[in-house]
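Peer 1: Dropping a structure here in C-alpha coordinates format, bear with me for questions.
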Amino acid sequence: MSLNPAENIRSVTDLKRNTEEVLNQVHRTKRPLVLTVNGKADAVLMDTKTYEKHLKASNMARLLVRAEEDIAAGRTRSMRSFLKEFKHARKISR
(Lines give C-alpha, C1' and ligand atoms only; values in the text may rest on other atoms or scores of the structure.)
Protein backbone atom coordinates (compact mmCIF):
# COMPACT_ATOMS: atom_id res chain seq x y z
CA MET A 1 0.00 0.00 0.00
CA SER A 2 1.62 3.23 -1.09
CA LEU A 3 0.88 6.52 0.61
CA ASN A 4 -0.01 9.50 -1.51
CA PRO A 5 0.98 12.57 0.57
CA ALA A 6 -1.84 14.63 -0.86
CA GLU A 7 -4.42 12.05 0.23
CA ASN A 8 -2.91 10.14 3.13
CA ILE A 9 -1.09 12.72 5.23
CA ARG A 10 -2.89 15.49 7.10
CA SER A 11 -2.06 17.68 10.04
CA VAL A 12 -3.60 17.33 13.47
CA THR A 13 -4.81 20.91 13.04
CA ASP A 14 -6.65 19.84 9.87
CA LEU A 15 -8.16 16.94 11.82
CA LYS A 16 -9.37 19.34 14.52
CA ARG A 17 -10.89 21.75 11.98
CA ASN A 18 -12.36 19.14 9.62
CA THR A 19 -12.96 16.09 11.81
CA GLU A 20 -16.00 14.80 9.94
CA GLU A 21 -14.33 15.21 6.53
CA VAL A 22 -11.15 13.46 7.69
CA LEU A 23 -13.07 10.56 9.25
CA ASN A 24 -15.19 10.22 6.10
CA GLN A 25 -11.97 10.01 4.08
CA VAL A 26 -10.58 7.26 6.33
CA HIS A 27 -13.81 5.24 6.06
CA ARG A 28 -14.16 5.82 2.31
CA THR A 29 -10.60 4.93 1.33
CA LYS A 30 -10.00 2.23 3.98
CA ARG A 31 -6.42 3.48 4.04
CA PRO A 32 -4.41 4.65 7.05
CA LEU A 33 -4.00 8.40 7.41
CA VAL A 34 -0.74 9.81 8.76
CA LEU A 35 -1.27 12.73 11.11
CA THR A 36 1.48 15.30 11.42
CA VAL A 37 2.46 17.71 14.15
CA ASN A 38 4.75 20.56 13.11
CA GLY A 39 5.29 18.86 9.74
CA LYS A 40 6.49 15.56 11.20
CA ALA A 41 4.60 12.26 11.24
CA ASP A 42 3.15 11.73 14.72
CA ALA A 43 0.30 9.21 14.55
CA VAL A 44 -1.71 7.03 12.20
CA LEU A 45 -5.50 7.03 12.02
CA MET A 46 -7.44 4.13 10.50
CA ASP A 47 -10.95 2.73 10.62
CA THR A 48 -11.63 -0.11 13.05
CA LYS A 49 -12.13 -2.81 10.39
CA THR A 50 -8.75 -2.01 8.86
CA TYR A 51 -7.16 -1.97 12.32
CA GLU A 52 -8.66 -5.37 13.17
CA LYS A 53 -7.40 -6.77 9.86
CA HIS A 54 -3.88 -5.50 10.59
CA LEU A 55 -4.03 -6.81 14.15
CA LYS A 56 -5.03 -10.30 12.99
CA ALA A 57 -2.24 -10.30 10.41
CA SER A 58 0.27 -9.20 13.05
CA ASN A 59 -0.84 -11.92 15.46
CA MET A 60 -0.57 -14.55 12.73
CA ALA A 61 2.92 -13.31 11.81
CA ARG A 62 4.03 -13.69 15.43
CA LEU A 63 2.83 -17.29 15.45
CA LEU A 64 4.58 -18.01 12.18
CA VAL A 65 7.87 -16.59 13.47
CA ARG A 66 7.79 -19.01 16.41
CA ALA A 67 6.94 -21.90 14.09
CA GLU A 68 9.81 -21.01 11.76
CA GLU A 69 12.18 -20.86 14.74
CA ASP A 70 11.04 -24.35 15.80
CA ILE A 71 11.69 -25.67 12.30
CA ALA A 72 15.14 -24.05 12.16
CA ALA A 73 16.01 -25.55 15.56
CA GLY A 74 14.80 -28.99 14.53
CA ARG A 75 11.92 -29.03 16.99
CA THR A 76 9.61 -30.92 14.65
CA ARG A 77 8.12 -34.37 14.33
CA SER A 78 6.11 -36.27 11.79
CA MET A 79 2.38 -35.75 11.49
CA ARG A 80 1.89 -39.47 12.09
CA SER A 81 3.72 -39.26 15.43
CA PHE A 82 1.73 -36.20 16.48
CA LEU A 83 -1.63 -37.73 15.56
CA LYS A 84 -0.82 -40.97 17.35
CA GLU A 85 0.03 -39.09 20.56
CA PHE A 86 -2.95 -36.75 20.17
CA LYS A 87 -5.45 -39.60 19.70
CA HIS A 88 -3.98 -41.54 22.60
CA ALA A 89 -4.11 -38.52 24.95
CA ARG A 90 -7.74 -37.86 24.08
CA LYS A 91 -8.77 -41.52 23.97
CA ILE A 92 -9.84 -41.37 20.33
CA SER A 93 -10.15 -44.88 18.91
CA ARG A 94 -9.97 -44.10 15.21
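So you can find residues: chains in the C-alpha coordinates are A, B, ... in the order shown, residues in each start at 1, and ligands are numbered from 1 in order.
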I need the residues of chain A that end up classed as helix (DSSP H, G or I) by DSSP on the backbone, written out as a ChimeraX atom specification.

Peer 2: /A:5-8,12-17,19-29,48-72,79-89

Peer 1: DSSP says strand (DSSP E or B) for which residues of chain A? Put them as a list in words?

Peer 2: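 Taking chain A and keeping strand (DSSP E or B) gives Ile9, Arg10, Ser11, Leu33, Val34, Leu35, Thr36, Val37, Lys40, Ala41, Asp42, Ala43, Val44 and Leu45 of chain A.
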
Peer 1: Counting only C-alpha atoms, which residue out of A:Arg31, A:Arg66, A:Arg80, A:Lys91 sits closest to Lys49 in chain A?

Peer 2: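 Ranking A:Arg31, A:Arg66, A:Arg80, A:Lys91 by distance to Lys49 in chain A, first place goes to A:Arg31.
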
Peer 1: List the neighbours of Leu15 in chain A out to 12 Å using only C-alpha atoms; skip same-chain residues closer than 4 positions along the sequence, and give me the result as a ChimeraX atom specification.

Peer 2: /A:9-11,19-26,33-37,43-45

Peer 1: Please, what distance in Å, to one decimal, runs between CA of Glu85 in chain A and CA of Ala73 in chain A?

Peer 2: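 About the pair CA of Glu85 in chain A and CA of Ala73 in chain A: they are 21.5 Å apart.
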
Peer 1: Provide the CA of Ile92 in chain A to CA of Met79 in chain A distance in Å, to one decimal place.

Peer 2: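 So the answer is 16.1 Å.
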
Peer 1: Please report the interatomic distance between CA of Tyr51 in chain A and CA of Glu69 in chain A in Å with one decimal.

Peer 2: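 That distance, rounded to one decimal, is 27.1 Å.
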